[in-house]
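Inspection log for the structure reproduced underneath, given as structure tokens.
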Amino acid sequence: MNQAQLMAQVKKMQQEMVKAQEELANTTVTGSAANGLVTVEMTCDQQMKSIKIGKDAVDPEDIETLEDLVTIAVNDALTKAGEKSQQRMSGLTGGMRIPGLM
């Protein structure tokens, strides 16, 4: 493979990665805790869209439990977003882990 072919492949891969990143920014995942009592919607580029808290989760005498449920739901959404991102990007990189990319 000559240098021109290699550069063309790199350019194509860069374009595909930009497209994949745009798709991930528009892909939403939902994290939840306590059977959906607290839900978090987040894009796969880790931008939070919404948090919904059911009335049964709100107890003025037990704020710590609500804080824990929000933390669990956010972490669940982050995990799902990370998994989707990794799946999408590994298809472009042939499974190679490129530092700073994933």
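Residue numbering restarts at 1 for every chain of the structure tokens, chains are lettered A, B, ... in their displayed order, and ligands are numbered from 1 as they appear.
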
Margin query: Can you pull out the residues contacting A:Lys84? Cut-off 12 Å, using only C-alpha atoms, and skip same-chain residues under 6 positions away; I want them as a PyMOL selection string.
Written below: chain A and resi 20-21+23-30+42-46+77-78+90-91+102

Notebook entry, point to check: Could you pull the residues within 7 Å of stretch 37-41 of chain A, counting only C-alpha atoms, minus those fewer than 3 positions along the same chain, as a list of chain:residue names?
Noted result: A:Thr28, A:Val29, A:Thr30, A:Gly31, A:Ser32, A:Ala33, A:Ala34, A:Met48, A:Lys49, A:Ser50, A:Ile51, A:Lys52, A:Ile53, A:Gly54, A:Ala57, A:Leu69, A:Val70, A:Ala73, A:Val74, A:Ala77

Next item on the list: Pull the helix (DSSP H, G or I) assignments for chain A out of DSSP run on the backbone, and list those residues as a PyMOL selection string.
Entry: chain A and resi 3-25+55-57+63-93

The selected residues should be written to file as a PDB file, in the first residue's frame (atoms: C-alpha atoms).
ATOM      1  CA  GLN A   3       1.327   6.512   1.096  1.00  0.00           C
ATOM      2  CA  ALA A   4      -1.513   8.066  -0.951  1.00  0.00           C
ATOM      3  CA  GLN A   5      -3.714   5.006  -0.389  1.00  0.00           C
ATOM      4  CA  LEU A   6      -2.900   5.028   3.313  1.00  0.00           C
ATOM      5  CA  MET A   7      -3.776   8.718   3.621  1.00  0.00           C
ATOM      6  CA  ALA A   8      -7.054   8.140   1.761  1.00  0.00           C
ATOM      7  CA  GLN A   9      -7.927   5.341   4.204  1.00  0.00           C
ATOM      8  CA  VAL A  10      -7.088   7.546   7.188  1.00  0.00           C
ATOM      9  CA  LYS A  11      -9.245  10.361   5.823  1.00  0.00           C
ATOM     10  CA  LYS A  12     -12.163   7.967   5.248  1.00  0.00           C
ATOM     11  CA  MET A  13     -11.818   6.581   8.765  1.00  0.00           C
ATOM     12  CA  GLN A  14     -11.804  10.116  10.205  1.00  0.00           C
ATOM     13  CA  GLN A  15     -15.010  10.947   8.319  1.00  0.00           C
ATOM     14  CA  GLU A  16     -16.654   7.760   9.568  1.00  0.00           C
ATOM     15  CA  MET A  17     -15.623   8.571  13.142  1.00  0.00           C
ATOM     16  CA  VAL A  18     -17.103  12.064  12.925  1.00  0.00           C
ATOM     17  CA  LYS A  19     -20.340  10.551  11.633  1.00  0.00           C
ATOM     18  CA  ALA A  20     -20.341   7.959  14.431  1.00  0.00           C
ATOM     19  CA  GLN A  21     -19.767  10.653  17.060  1.00  0.00           C
ATOM     20  CA  GLU A  22     -22.690  12.656  15.662  1.00  0.00           C
ATOM     21  CA  GLU A  23     -24.890   9.544  15.766  1.00  0.00           C
ATOM     22  CA  LEU A  24     -23.876   8.872  19.366  1.00  0.00           C
ATOM     23  CA  ALA A  25     -24.675  12.470  20.315  1.00  0.00           C
ATOM     24  CA  LYS A  55     -43.313  10.796  44.073  1.00  0.00           C
ATOM     25  CA  ASP A  56     -42.715   7.638  46.115  1.00  0.00           C
ATOM     26  CA  ALA A  57     -38.961   8.339  46.041  1.00  0.00           C
ATOM     27  CA  ILE A  63     -32.962  12.532  51.527  1.00  0.00           C
ATOM     28  CA  GLU A  64     -29.969  10.148  51.518  1.00  0.00           C
ATOM     29  CA  THR A  65     -31.981   7.378  49.858  1.00  0.00           C
ATOM     30  CA  LEU A  66     -33.103   9.729  47.089  1.00  0.00           C
ATOM     31  CA  GLU A  67     -29.509  10.852  46.573  1.00  0.00           C
ATOM     32  CA  ASP A  68     -28.434   7.204  46.315  1.00  0.00           C
ATOM     33  CA  LEU A  69     -31.184   6.433  43.780  1.00  0.00           C
ATOM     34  CA  VAL A  70     -30.173   9.395  41.606  1.00  0.00           C
ATOM     35  CA  THR A  71     -26.535   8.304  41.762  1.00  0.00           C
ATOM     36  CA  ILE A  72     -27.454   4.736  40.780  1.00  0.00           C
ATOM     37  CA  ALA A  73     -29.618   5.915  37.865  1.00  0.00           C
ATOM     38  CA  VAL A  74     -26.913   8.291  36.575  1.00  0.00           C
ATOM     39  CA  ASN A  75     -24.252   5.585  36.785  1.00  0.00           C
ATOM     40  CA  ASP A  76     -26.563   3.140  35.001  1.00  0.00           C
ATOM     41  CA  ALA A  77     -27.076   5.652  32.168  1.00  0.00           C
ATOM     42  CA  LEU A  78     -23.322   6.345  31.977  1.00  0.00           C
ATOM     43  CA  THR A  79     -22.595   2.617  31.731  1.00  0.00           C
ATOM     44  CA  LYS A  80     -25.149   2.146  28.957  1.00  0.00           C
ATOM     45  CA  ALA A  81     -23.868   5.204  27.065  1.00  0.00           C
ATOM     46  CA  GLY A  82     -20.299   3.943  27.354  1.00  0.00           C
ATOM     47  CA  GLU A  83     -21.238   0.484  26.113  1.00  0.00           C
ATOM     48  CA  LYS A  84     -23.084   1.876  23.086  1.00  0.00           C
ATOM     49  CA  SER A  85     -20.187   4.208  22.295  1.00  0.00           C
ATOM     50  CA  GLN A  86     -17.667   1.423  22.562  1.00  0.00           C
ATOM     51  CA  GLN A  87     -19.762  -0.863  20.335  1.00  0.00           C
ATOM     52  CA  ARG A  88     -20.151   1.836  17.691  1.00  0.00           C
ATOM     53  CA  MET A  89     -16.517   2.907  17.678  1.00  0.00           C
ATOM     54  CA  SER A  90     -15.074  -0.615  17.800  1.00  0.00           C
ATOM     55  CA  GLY A  91     -16.851  -1.276  14.510  1.00  0.00           C
ATOM     56  CA  LEU A  92     -14.785   1.517  12.973  1.00  0.00           C
ATOM     57  CA  THR A  93     -11.473   0.601  14.549  1.00  0.00           C
TER      58      THR A  93
END

Margin query: From a backbone DSSP assignment, name each residue in chain A labelled strand (DSSP E), as a list in words.
Written below: Thr28, Val29, Thr30, Gly31, Ser32, Ala33, Val38, Thr39, Val40, Glu41, Met42, Thr43, Met48, Lys49, Ser50, Ile51, Lys52 and Ile53 of chain A
